[in-house]
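Q: My structure file target11.pdb, PDB, C-alpha atoms and all ligand atoms, is below:
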```pdb
ATOM      1  CA  MET P   1      12.916  39.249  28.978  1.00  0.00           C
ATOM      2  CA  ALA P   2      14.604  37.095  31.608  1.00  0.00           C
ATOM      3  CA  LEU P   3      16.333  33.875  30.606  1.00  0.00           C
ATOM      4  CA  ILE P   4      14.321  30.851  31.823  1.00  0.00           C
ATOM      5  CA  GLU P   5      16.256  27.607  32.318  1.00  0.00           C
ATOM      6  CA  VAL P   6      15.842  24.171  33.893  1.00  0.00           C
ATOM      7  CA  LEU P   7      18.473  22.329  35.920  1.00  0.00           C
ATOM      8  CA  GLN P   8      18.228  18.996  37.695  1.00  0.00           C
ATOM      9  CA  GLY P   9      19.686  19.097  41.172  1.00  0.00           C
ATOM     10  CA  ASP P  10      19.418  20.200  44.787  1.00  0.00           C
ATOM     11  CA  ILE P  11      18.121  23.755  45.207  1.00  0.00           C
ATOM     12  CA  THR P  12      19.921  24.122  48.558  1.00  0.00           C
ATOM     13  CA  VAL P  13      23.272  24.375  46.740  1.00  0.00           C
ATOM     14  CA  ASP P  14      21.983  26.861  44.167  1.00  0.00           C
ATOM     15  CA  ASP P  15      23.681  30.271  44.422  1.00  0.00           C
ATOM     16  CA  SER P  16      20.932  32.367  42.852  1.00  0.00           C
ATOM     17  CA  ASP P  17      20.200  35.675  44.568  1.00  0.00           C
ATOM     18  CA  ALA P  18      16.874  34.141  45.661  1.00  0.00           C
ATOM     19  CA  ILE P  19      15.731  30.552  45.977  1.00  0.00           C
ATOM     20  CA  VAL P  20      12.056  29.756  46.444  1.00  0.00           C
ATOM     21  CA  ASN P  21      10.890  27.373  49.158  1.00  0.00           C
ATOM     22  CA  ALA P  22       7.794  25.184  48.739  1.00  0.00           C
ATOM     23  CA  ALA P  23       6.658  25.871  52.278  1.00  0.00           C
ATOM     24  CA  ASN P  24       3.428  25.288  54.161  1.00  0.00           C
ATOM     25  CA  SER P  25       1.287  28.002  55.701  1.00  0.00           C
ATOM     26  CA  SER P  26       2.822  27.552  59.152  1.00  0.00           C
ATOM     27  CA  LEU P  27       6.250  28.629  57.830  1.00  0.00           C
ATOM     28  CA  LEU P  28       7.690  26.418  60.571  1.00  0.00           C
ATOM     29  CA  GLY P  29       9.315  23.837  58.318  1.00  0.00           C
ATOM     30  CA  GLY P  30       8.376  20.425  57.013  1.00  0.00           C
ATOM     31  CA  GLY P  31       9.745  17.776  54.705  1.00  0.00           C
ATOM     32  CA  GLY P  32      10.720  17.836  51.053  1.00  0.00           C
ATOM     33  CA  VAL P  33      12.391  20.969  49.786  1.00  0.00           C
ATOM     34  CA  ASP P  34      11.180  22.872  52.880  1.00  0.00           C
ATOM     35  CA  GLY P  35      12.984  20.428  55.147  1.00  0.00           C
ATOM     36  CA  ALA P  36      16.092  20.504  52.973  1.00  0.00           C
ATOM     37  CA  ILE P  37      16.271  24.308  52.964  1.00  0.00           C
ATOM     38  CA  HIS P  38      15.893  24.579  56.732  1.00  0.00           C
ATOM     39  CA  ALA P  39      18.383  21.757  57.350  1.00  0.00           C
ATOM     40  CA  ALA P  40      21.031  23.229  55.077  1.00  0.00           C
ATOM     41  CA  GLY P  41      20.327  26.874  55.855  1.00  0.00           C
ATOM     42  CA  GLY P  42      20.347  26.524  59.594  1.00  0.00           C
ATOM     43  CA  PRO P  43      18.252  28.023  62.391  1.00  0.00           C
ATOM     44  CA  ALA P  44      18.457  31.641  61.204  1.00  0.00           C
ATOM     45  CA  ILE P  45      15.800  30.903  58.569  1.00  0.00           C
ATOM     46  CA  LEU P  46      13.373  29.441  61.095  1.00  0.00           C
ATOM     47  CA  ASP P  47      14.086  32.298  63.502  1.00  0.00           C
ATOM     48  CA  GLU P  48      12.962  34.788  60.862  1.00  0.00           C
ATOM     49  CA  CYS P  49       9.923  32.674  59.986  1.00  0.00           C
ATOM     50  CA  ARG P  50       8.940  32.585  63.659  1.00  0.00           C
ATOM     51  CA  ALA P  51       9.352  36.365  63.848  1.00  0.00           C
ATOM     52  CA  LEU P  52       7.037  36.761  60.836  1.00  0.00           C
ATOM     53  CA  ARG P  53       4.444  34.553  62.519  1.00  0.00           C
ATOM     54  CA  ALA P  54       4.741  36.621  65.714  1.00  0.00           C
ATOM     55  CA  THR P  55       4.207  39.889  63.831  1.00  0.00           C
ATOM     56  CA  VAL P  56       2.884  40.347  60.283  1.00  0.00           C
ATOM     57  CA  LEU P  57       1.743  36.762  59.648  1.00  0.00           C
ATOM     58  CA  PRO P  58      -0.016  35.661  62.851  1.00  0.00           C
ATOM     59  CA  ASP P  59      -2.264  33.273  60.907  1.00  0.00           C
ATOM     60  CA  GLY P  60       0.510  31.964  58.681  1.00  0.00           C
ATOM     61  CA  LEU P  61       1.272  32.518  55.006  1.00  0.00           C
ATOM     62  CA  PRO P  62      -1.795  32.069  52.782  1.00  0.00           C
ATOM     63  CA  THR P  63      -1.596  29.760  49.766  1.00  0.00           C
ATOM     64  CA  GLY P  64      -0.290  31.633  46.734  1.00  0.00           C
ATOM     65  CA  HIS P  65       1.475  34.316  48.780  1.00  0.00           C
ATOM     66  CA  ALA P  66       5.222  34.789  49.243  1.00  0.00           C
ATOM     67  CA  VAL P  67       7.565  36.244  51.848  1.00  0.00           C
ATOM     68  CA  ALA P  68      11.345  36.695  51.942  1.00  0.00           C
ATOM     69  CA  THR P  69      13.736  35.699  54.709  1.00  0.00           C
ATOM     70  CA  THR P  70      17.453  35.259  55.146  1.00  0.00           C
ATOM     71  CA  ALA P  71      19.049  32.236  53.483  1.00  0.00           C
ATOM     72  CA  GLY P  72      21.166  31.539  56.579  1.00  0.00           C
ATOM     73  CA  ARG P  73      24.135  29.323  55.648  1.00  0.00           C
ATOM     74  CA  LEU P  74      22.858  28.638  52.100  1.00  0.00           C
ATOM     75  CA  PRO P  75      24.838  29.986  49.106  1.00  0.00           C
ATOM     76  CA  ALA P  76      21.687  31.805  47.932  1.00  0.00           C
ATOM     77  CA  GLY P  77      21.170  35.412  48.937  1.00  0.00           C
ATOM     78  CA  MET P  78      17.654  34.960  50.327  1.00  0.00           C
ATOM     79  CA  VAL P  79      14.809  32.458  50.591  1.00  0.00           C
ATOM     80  CA  ILE P  80      11.373  33.315  49.241  1.00  0.00           C
ATOM     81  CA  HIS P  81       8.817  31.143  51.004  1.00  0.00           C
ATOM     82  CA  THR P  82       5.599  30.416  49.141  1.00  0.00           C
ATOM     83  CA  VAL P  83       2.731  27.996  49.754  1.00  0.00           C
ATOM     84  CA  GLY P  84       1.496  25.952  46.822  1.00  0.00           C
ATOM     85  CA  PRO P  85      -2.044  24.643  46.410  1.00  0.00           C
ATOM     86  CA  LYS P  86      -2.854  21.150  47.656  1.00  0.00           C
ATOM     87  CA  HIS P  87      -4.109  19.456  44.494  1.00  0.00           C
ATOM     88  CA  TRP P  88      -6.936  17.619  46.259  1.00  0.00           C
ATOM     89  CA  GLU P  89      -8.390  20.792  47.781  1.00  0.00           C
ATOM     90  CA  HIS P  90      -9.454  22.333  44.452  1.00  0.00           C
ATOM     91  CA  PRO P  91     -11.624  21.032  41.583  1.00  0.00           C
ATOM     92  CA  ASP P  92      -8.879  22.098  39.147  1.00  0.00           C
ATOM     93  CA  GLY P  93      -6.021  21.454  41.581  1.00  0.00           C
ATOM     94  CA  GLY P  94      -5.613  25.181  42.219  1.00  0.00           C
ATOM     95  CA  VAL P  95      -4.270  26.332  38.833  1.00  0.00           C
ATOM     96  CA  ASP P  96      -4.592  30.048  39.602  1.00  0.00           C
ATOM     97  CA  LEU P  97      -3.022  29.640  43.038  1.00  0.00           C
ATOM     98  CA  LEU P  98      -0.094  27.706  41.566  1.00  0.00           C
ATOM     99  CA  ALA P  99       0.483  30.499  39.042  1.00  0.00           C
ATOM    100  CA  GLN P 100       0.144  33.065  41.841  1.00  0.00           C
ATOM    101  CA  CYS P 101       2.903  31.314  43.847  1.00  0.00           C
ATOM    102  CA  HIS P 102       5.284  32.064  41.000  1.00  0.00           C
ATOM    103  CA  THR P 103       4.230  35.662  40.347  1.00  0.00           C
ATOM    104  CA  ALA P 104       4.146  36.499  44.070  1.00  0.00           C
ATOM    105  CA  SER P 105       7.583  34.917  44.566  1.00  0.00           C
ATOM    106  CA  LEU P 106       9.047  36.870  41.633  1.00  0.00           C
ATOM    107  CA  GLY P 107       7.535  40.061  43.044  1.00  0.00           C
ATOM    108  CA  ALA P 108       9.007  39.439  46.488  1.00  0.00           C
ATOM    109  CA  ALA P 109      12.397  38.519  45.012  1.00  0.00           C
ATOM    110  CA  ALA P 110      12.448  41.582  42.723  1.00  0.00           C
ATOM    111  CA  ASP P 111      11.378  43.851  45.605  1.00  0.00           C
ATOM    112  CA  ALA P 112      14.340  42.500  47.588  1.00  0.00           C
ATOM    113  CA  GLY P 113      16.715  43.272  44.719  1.00  0.00           C
ATOM    114  CA  ALA P 114      17.251  39.743  43.373  1.00  0.00           C
ATOM    115  CA  ARG P 115      18.521  39.482  39.788  1.00  0.00           C
ATOM    116  CA  THR P 116      18.481  35.685  39.648  1.00  0.00           C
ATOM    117  CA  VAL P 117      15.734  33.447  41.062  1.00  0.00           C
ATOM    118  CA  ALA P 118      15.493  29.650  41.408  1.00  0.00           C
ATOM    119  CA  PHE P 119      12.234  27.742  41.858  1.00  0.00           C
ATOM    120  CA  PRO P 120      11.644  24.133  42.868  1.00  0.00           C
ATOM    121  CA  ALA P 121       8.688  22.261  41.368  1.00  0.00           C
ATOM    122  CA  ILE P 122       6.136  23.818  43.707  1.00  0.00           C
ATOM    123  CA  SER P 123       3.285  21.513  44.776  1.00  0.00           C
ATOM    124  CA  CYS P 124       4.781  18.575  42.827  1.00  0.00           C
ATOM    125  CA  GLY P 125       5.574  16.528  45.926  1.00  0.00           C
ATOM    126  CA  VAL P 126       3.429  16.255  49.042  1.00  0.00           C
ATOM    127  CA  TYR P 127       0.858  18.636  47.555  1.00  0.00           C
ATOM    128  CA  GLY P 128       0.040  16.167  44.822  1.00  0.00           C
ATOM    129  CA  TRP P 129       0.542  17.918  41.509  1.00  0.00           C
ATOM    130  CA  ALA P 130       1.999  15.972  38.585  1.00  0.00           C
ATOM    131  CA  ALA P 131       5.040  17.768  37.188  1.00  0.00           C
ATOM    132  CA  ALA P 132       3.625  17.387  33.662  1.00  0.00           C
ATOM    133  CA  ASP P 133       0.570  19.405  34.752  1.00  0.00           C
ATOM    134  CA  ALA P 134       2.364  21.934  36.954  1.00  0.00           C
ATOM    135  CA  ALA P 135       5.256  22.778  34.634  1.00  0.00           C
ATOM    136  CA  PRO P 136       3.321  24.657  31.911  1.00  0.00           C
ATOM    137  CA  ILE P 137       1.431  26.637  34.578  1.00  0.00           C
ATOM    138  CA  ALA P 138       4.667  27.546  36.363  1.00  0.00           C
ATOM    139  CA  VAL P 139       6.584  28.498  33.211  1.00  0.00           C
ATOM    140  CA  ASP P 140       3.675  30.482  31.743  1.00  0.00           C
ATOM    141  CA  ALA P 141       3.267  32.378  35.037  1.00  0.00           C
ATOM    142  CA  VAL P 142       6.967  33.300  35.039  1.00  0.00           C
ATOM    143  CA  ARG P 143       6.809  34.409  31.401  1.00  0.00           C
ATOM    144  CA  ARG P 144       3.720  36.523  31.974  1.00  0.00           C
ATOM    145  CA  TRP P 145       5.272  38.174  35.037  1.00  0.00           C
ATOM    146  CA  CYS P 146       8.383  39.049  33.050  1.00  0.00           C
ATOM    147  CA  GLU P 147       6.279  40.478  30.205  1.00  0.00           C
ATOM    148  CA  LEU P 148       4.318  42.603  32.690  1.00  0.00           C
ATOM    149  CA  HIS P 149       7.547  43.838  34.319  1.00  0.00           C
ATOM    150  CA  PRO P 150       9.793  44.698  31.338  1.00  0.00           C
ATOM    151  CA  SER P 151      12.009  46.970  33.399  1.00  0.00           C
ATOM    152  CA  THR P 152      12.606  44.422  36.140  1.00  0.00           C
ATOM    153  CA  HIS P 153      16.198  43.672  37.030  1.00  0.00           C
ATOM    154  CA  VAL P 154      15.339  39.968  37.259  1.00  0.00           C
ATOM    155  CA  GLU P 155      17.493  38.563  34.461  1.00  0.00           C
ATOM    156  CA  ARG P 156      17.393  34.790  35.011  1.00  0.00           C
ATOM    157  CA  VAL P 157      14.750  32.439  36.378  1.00  0.00           C
ATOM    158  CA  ARG P 158      15.803  28.840  36.953  1.00  0.00           C
ATOM    159  CA  PHE P 159      13.716  25.772  37.752  1.00  0.00           C
ATOM    160  CA  VAL P 160      15.825  23.426  39.886  1.00  0.00           C
ATOM    161  CA  VAL P 161      14.083  20.057  39.752  1.00  0.00           C
ATOM    162  CA  PHE P 162      14.879  16.943  41.663  1.00  0.00           C
ATOM    163  CA  ASN P 163      13.949  14.052  39.373  1.00  0.00           C
ATOM    164  CA  ASP P 164      13.913  13.000  35.718  1.00  0.00           C
ATOM    165  CA  ASP P 165      10.142  13.277  35.435  1.00  0.00           C
ATOM    166  CA  ALA P 166      10.163  16.917  36.546  1.00  0.00           C
ATOM    167  CA  GLN P 167      13.226  17.666  34.414  1.00  0.00           C
ATOM    168  CA  ARG P 168      11.421  16.393  31.299  1.00  0.00           C
ATOM    169  CA  ALA P 169       8.216  18.251  32.160  1.00  0.00           C
ATOM    170  CA  PHE P 170       9.848  21.608  32.872  1.00  0.00           C
ATOM    171  CA  ALA P 171      12.240  21.388  29.918  1.00  0.00           C
ATOM    172  CA  ALA P 172       9.272  20.677  27.625  1.00  0.00           C
ATOM    173  CA  ALA P 173       7.312  23.587  29.108  1.00  0.00           C
ATOM    174  CA  VAL P 174      10.215  25.984  28.520  1.00  0.00           C
ATOM    175  CA  GLU P 175      10.721  24.635  24.978  1.00  0.00           C
ATOM    176  CA  ASN P 176       7.044  24.891  24.061  1.00  0.00           C
ATOM    177  CA  GLY P 177       6.480  28.353  25.510  1.00  0.00           C
TER
HETATM  178  N1  LIG V 201      15.914  20.534  45.685  1.00  0.00           N
HETATM  179  C1  LIG V 201      15.023  20.680  44.653  1.00  0.00           C
HETATM  180  N2  LIG V 201      13.831  20.064  44.626  1.00  0.00           N
HETATM  181  C2  LIG V 201      13.515  19.273  45.683  1.00  0.00           C
HETATM  182  C3  LIG V 201      14.377  19.097  46.800  1.00  0.00           C
HETATM  183  C4  LIG V 201      15.628  19.760  46.754  1.00  0.00           C
HETATM  184  N3  LIG V 201      16.514  19.643  47.762  1.00  0.00           N
HETATM  185  N4  LIG V 201      13.749  18.258  47.695  1.00  0.00           N
HETATM  186  C5  LIG V 201      12.563  17.926  47.147  1.00  0.00           C
HETATM  187  N5  LIG V 201      12.411  18.527  45.948  1.00  0.00           N
HETATM  188  C6  LIG V 201      11.302  18.443  45.003  1.00  0.00           C
HETATM  189  C7  LIG V 201      10.360  17.294  45.159  1.00  0.00           C
HETATM  190  O1  LIG V 201      10.894  16.128  44.508  1.00  0.00           O
HETATM  191  C8  LIG V 201       9.132  17.829  44.412  1.00  0.00           C
HETATM  192  O2  LIG V 201       9.262  17.615  43.020  1.00  0.00           O
HETATM  193  O3  LIG V 201      10.485  19.588  45.221  1.00  0.00           O
HETATM  194  C9  LIG V 201       9.188  19.334  44.693  1.00  0.00           C
HETATM  195  C10 LIG V 201       8.163  19.840  45.705  1.00  0.00           C
HETATM  196  O4  LIG V 201       7.917  18.807  46.642  1.00  0.00           O
HETATM  197  P1  LIG V 201       7.651  19.151  48.212  1.00  0.00           P
HETATM  198  O5  LIG V 201       8.911  19.585  48.815  1.00  0.00           O
HETATM  199  O6  LIG V 201       6.926  17.985  48.780  1.00  0.00           O
HETATM  200  O7  LIG V 201       6.699  20.421  48.166  1.00  0.00           O
HETATM  201  P2  LIG V 201       5.121  20.526  47.907  1.00  0.00           P
HETATM  202  O8  LIG V 201       4.616  19.436  47.030  1.00  0.00           O
HETATM  203  O9  LIG V 201       4.900  21.944  47.511  1.00  0.00           O
HETATM  204  O10 LIG V 201       4.503  20.280  49.358  1.00  0.00           O
HETATM  205  C11 LIG V 201       4.743  21.228  50.363  1.00  0.00           C
HETATM  206  O11 LIG V 201       5.609  19.567  51.813  1.00  0.00           O
HETATM  207  O12 LIG V 201       7.685  19.559  52.711  1.00  0.00           O
HETATM  208  C12 LIG V 201       6.399  19.882  52.966  1.00  0.00           C
HETATM  209  O13 LIG V 201       6.534  21.699  54.525  1.00  0.00           O
HETATM  210  C13 LIG V 201       6.211  21.350  53.201  1.00  0.00           C
HETATM  211  O14 LIG V 201       3.990  21.058  53.948  1.00  0.00           O
HETATM  212  C14 LIG V 201       4.769  21.494  52.841  1.00  0.00           C
HETATM  213  C15 LIG V 201       4.582  20.539  51.682  1.00  0.00           C
END
```
Could you quickly redo this structure as structure tokens?
A:
Amino acid sequence: MALIEVLQGDITVDDSDAIVNAANSSLLGGGGVDGAIHAAGGPAILDECRALRATVLPDGLPTGHAVATTAGRLPAGMVIHTVGPKHWEHPDGGVDLLAQCHTASLGAAADAGARTVAFPAISCGVYGWAAADAAPIAVDAVRRWCELHPSTHVERVRFVVFNDDAQRAFAAAVENG
């Protein structure tokens, strides 16, 4: 079973094999962690995202799905882009889609050979989820994926959160699991 940990900080400086980006369906960048990853990683990331849009993802990346690209100049080995649910678009906020972001991202990272994976607090910014609500869903989804993939080489999953509120929420979710 992979180690699950929580750190407070900037995911763009995280040197995990894979870091997860809270993208939007266009894959063409944005603000928040998406903006930070593209700014720090440089144009190579956007070039690959544009190539995906021109080929296998002409309509963009659907919510809950995940796709890997280069990490460009980032210390991480790759970026896994995923699209979280917009809380206001679903009666329950999109619980299943939020969980699916995590399982799809772990699958894409594992398929690309990652042994360590770092997540931001997906959907907990622009997309309107409260960290206290998202954290248990995210942590449980990671745990369930690891239980369903006992032979995976993923050995450490890290939540890299940006503020005290998220740090408390994710630490509590890992503690209470
Ligand atoms: N490192 C780690 N976490 C960060 C960083 C960073 N450098 N920058 C922001 N965050 C945190 C935010 O504080 C929030 O808790 O990431 C969490 C996710 O917030 P958003 O980046 O707004 O992502 P999300 O809520 O999923 O909304 C996605 O926002 O940036 C746009 O293009 C993106 O349209 C997409 C939407």
Q: Residue by residue, what does the PyMOL selection byres (((chain P and resi 62-70) around 6) and not hetatm) grab here? Present the result as a list in words.
A: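 For this structure, the PyMOL selection byres (((chain P and resi 62-70) around 6) and not hetatm) resolves to Ser25, Ile45, Leu61, Ala71, Gly72, Met78, Val79, Ile80, His81, Thr82, Val83, Gly84, Leu97, Gln100, Cys101, Ala104 and Ser105 of chain P.
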Q: Would you please work out which residue, of P:Leu27, P:Ala166, P:Ala130, P:Leu3, is nearest to Cys146 in chain P when using only C-alpha atoms?
A: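 When distances to Cys146 in chain P are compared using only C-alpha atoms, the smallest one comes from P:Leu3.
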Q: Each residue of chain P with at least one atom at most 9 Å from ligand LIG 201 (chain V) should appear once, together with its nearest atom pair and the corresponding distance in Å (one decimal); atoms considered: all atoms listed in the file; ordering: chain, then increasing residue number; output as JSON lines.
A:
```
{"residue": "P:Gln8", "atom": "CA", "partner": "V:LIG201", "partner_atom": "C1", "distance": 7.8}
{"residue": "P:Gly9", "atom": "CA", "partner": "V:LIG201", "partner_atom": "C1", "distance": 6.0}
{"residue": "P:Asp10", "atom": "CA", "partner": "V:LIG201", "partner_atom": "N1", "distance": 3.6}
{"residue": "P:Ile11", "atom": "CA", "partner": "V:LIG201", "partner_atom": "N1", "distance": 3.9}
{"residue": "P:Thr12", "atom": "CA", "partner": "V:LIG201", "partner_atom": "N3", "distance": 5.7}
{"residue": "P:Val13", "atom": "CA", "partner": "V:LIG201", "partner_atom": "N3", "distance": 8.3}
{"residue": "P:Asp14", "atom": "CA", "partner": "V:LIG201", "partner_atom": "N1", "distance": 8.9}
{"residue": "P:Asn21", "atom": "CA", "partner": "V:LIG201", "partner_atom": "O5", "distance": 8.0}
{"residue": "P:Ala22", "atom": "CA", "partner": "V:LIG201", "partner_atom": "O9", "distance": 4.5}
{"residue": "P:Ala23", "atom": "CA", "partner": "V:LIG201", "partner_atom": "C13", "distance": 4.6}
{"residue": "P:Asn24", "atom": "CA", "partner": "V:LIG201", "partner_atom": "C14", "distance": 4.2}
{"residue": "P:Ser25", "atom": "CA", "partner": "V:LIG201", "partner_atom": "O14", "distance": 7.7}
{"residue": "P:Ser26", "atom": "CA", "partner": "V:LIG201", "partner_atom": "O13", "distance": 8.3}
{"residue": "P:Leu27", "atom": "CA", "partner": "V:LIG201", "partner_atom": "O13", "distance": 7.7}
{"residue": "P:Leu28", "atom": "CA", "partner": "V:LIG201", "partner_atom": "O13", "distance": 7.8}
{"residue": "P:Gly29", "atom": "CA", "partner": "V:LIG201", "partner_atom": "O13", "distance": 5.2}
{"residue": "P:Gly30", "atom": "CA", "partner": "V:LIG201", "partner_atom": "O13", "distance": 3.3}
{"residue": "P:Gly31", "atom": "CA", "partner": "V:LIG201", "partner_atom": "O12", "distance": 3.4}
{"residue": "P:Gly32", "atom": "CA", "partner": "V:LIG201", "partner_atom": "O5", "distance": 3.4}
{"residue": "P:Val33", "atom": "CA", "partner": "V:LIG201", "partner_atom": "N4", "distance": 3.7}
{"residue": "P:Asp34", "atom": "CA", "partner": "V:LIG201", "partner_atom": "O12", "distance": 4.8}
{"residue": "P:Gly35", "atom": "CA", "partner": "V:LIG201", "partner_atom": "O12", "distance": 5.9}
{"residue": "P:Ala36", "atom": "CA", "partner": "V:LIG201", "partner_atom": "N3", "distance": 5.3}
{"residue": "P:Ile37", "atom": "CA", "partner": "V:LIG201", "partner_atom": "N3", "distance": 7.0}
{"residue": "P:Thr82", "atom": "CA", "partner": "V:LIG201", "partner_atom": "O9", "distance": 8.7}
{"residue": "P:Val83", "atom": "CA", "partner": "V:LIG201", "partner_atom": "O9", "distance": 6.8}
{"residue": "P:Gly84", "atom": "CA", "partner": "V:LIG201", "partner_atom": "O9", "distance": 5.3}
{"residue": "P:Pro85", "atom": "CA", "partner": "V:LIG201", "partner_atom": "O9", "distance": 7.5}
{"residue": "P:Lys86", "atom": "CA", "partner": "V:LIG201", "partner_atom": "O10", "distance": 7.6}
{"residue": "P:Phe119", "atom": "CA", "partner": "V:LIG201", "partner_atom": "C1", "distance": 8.1}
{"residue": "P:Pro120", "atom": "CA", "partner": "V:LIG201", "partner_atom": "N2", "distance": 4.9}
{"residue": "P:Ala121", "atom": "CA", "partner": "V:LIG201", "partner_atom": "C9", "distance": 4.5}
{"residue": "P:Ile122", "atom": "CA", "partner": "V:LIG201", "partner_atom": "O9", "distance": 4.4}
{"residue": "P:Ser123", "atom": "CA", "partner": "V:LIG201", "partner_atom": "O9", "distance": 3.2}
{"residue": "P:Cys124", "atom": "CA", "partner": "V:LIG201", "partner_atom": "O8", "distance": 4.3}
{"residue": "P:Gly125", "atom": "CA", "partner": "V:LIG201", "partner_atom": "O8", "distance": 3.3}
{"residue": "P:Val126", "atom": "CA", "partner": "V:LIG201", "partner_atom": "O6", "distance": 3.9}
{"residue": "P:Tyr127", "atom": "CA", "partner": "V:LIG201", "partner_atom": "O8", "distance": 3.9}
{"residue": "P:Gly128", "atom": "CA", "partner": "V:LIG201", "partner_atom": "O8", "distance": 6.0}
{"residue": "P:Trp129", "atom": "CA", "partner": "V:LIG201", "partner_atom": "O8", "distance": 7.0}
{"residue": "P:Ala130", "atom": "CA", "partner": "V:LIG201", "partner_atom": "O2", "distance": 8.7}
{"residue": "P:Ala131", "atom": "CA", "partner": "V:LIG201", "partner_atom": "O2", "distance": 7.2}
{"residue": "P:Phe159", "atom": "CA", "partner": "V:LIG201", "partner_atom": "C1", "distance": 8.7}
{"residue": "P:Val160", "atom": "CA", "partner": "V:LIG201", "partner_atom": "C1", "distance": 5.6}
{"residue": "P:Val161", "atom": "CA", "partner": "V:LIG201", "partner_atom": "N2", "distance": 4.9}
{"residue": "P:Phe162", "atom": "CA", "partner": "V:LIG201", "partner_atom": "N2", "distance": 4.4}
{"residue": "P:Asn163", "atom": "CA", "partner": "V:LIG201", "partner_atom": "O1", "distance": 6.3}
{"residue": "P:Asp165", "atom": "CA", "partner": "V:LIG201", "partner_atom": "O2", "distance": 8.8}
{"residue": "P:Ala166", "atom": "CA", "partner": "V:LIG201", "partner_atom": "O2", "distance": 6.6}
```
Q: I'd like to know which of P:Ala109, P:Ala54, P:Ala18, P:Ala134 is closest to Gly94 in chain P, using all atoms listed in the file.
A: P:Ala134
Q: Choose the residue, out of P:Arg156, P:His102, P:Arg73, P:Arg143, that has the smallest atom-to-atom separation from Val20 in chain P; count all atoms listed in the file.
A: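 Smallest separation from Val20 in chain P among the options: P:His102.
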Q: Around all the atoms of range 54-58 of chain P listed in the file, draw an axis-aligned box and extend it by 8 Å on each of the six sides; I want its centre and edge lengths in Å to one decimal, as AutoDock Vina command-line options.
A:
```
--center_x 2.4 --center_y 38.0 --center_z 62.7 --size_x 20.8 --size_y 20.7 --size_z 22.1
```
Q: Between CA of Asp111 in chain P and CA of Ala141 in chain P, what is the distance, to one decimal in Å?
A: 17.6 Å
Q: Just give me the gap between CA of Thr116 in chain P and CA of Leu74 in chain P in Å, one decimal is fine.
A: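 Distance between the two atoms: 15.0 Å.
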Q: Pick from P:Val139, P:Leu46, P:Leu52, P:Ala108: nearest to Ala172 in chain P, with all atoms listed in the file counted?
A: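 Among P:Val139, P:Leu46, P:Leu52, P:Ala108, it is P:Val139 that comes nearest to Ala172 in chain P.
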Q: Mind giving me the straight-line distance from CA of Val154 in chain P to CA of Leu106 in chain P in Å, one decimal?
A: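 Distance between the two atoms: 8.3 Å.
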Q: Care to translate the PyMOL selection byres (((chain P and resi 6) around 6) and not hetatm) into actual residues of this file, as an NGL selection string?
A: :P and (5 or 7 or 158-159)
Q: With distances taken over all atoms listed in the file, which of P:Ala40, P:Ala132, P:Val142, P:Ala114 is nearest to Ser16 in chain P?
A: P:Ala114
Q: Pick the closest to Ala138 in chain P from P:Leu98, P:Ile19, P:Val157, P:Ile4: which is it, counting all atoms listed in the file?
A: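 Nearest candidate to Ala138 in chain P out of P:Leu98, P:Ile19, P:Val157, P:Ile4: P:Leu98.
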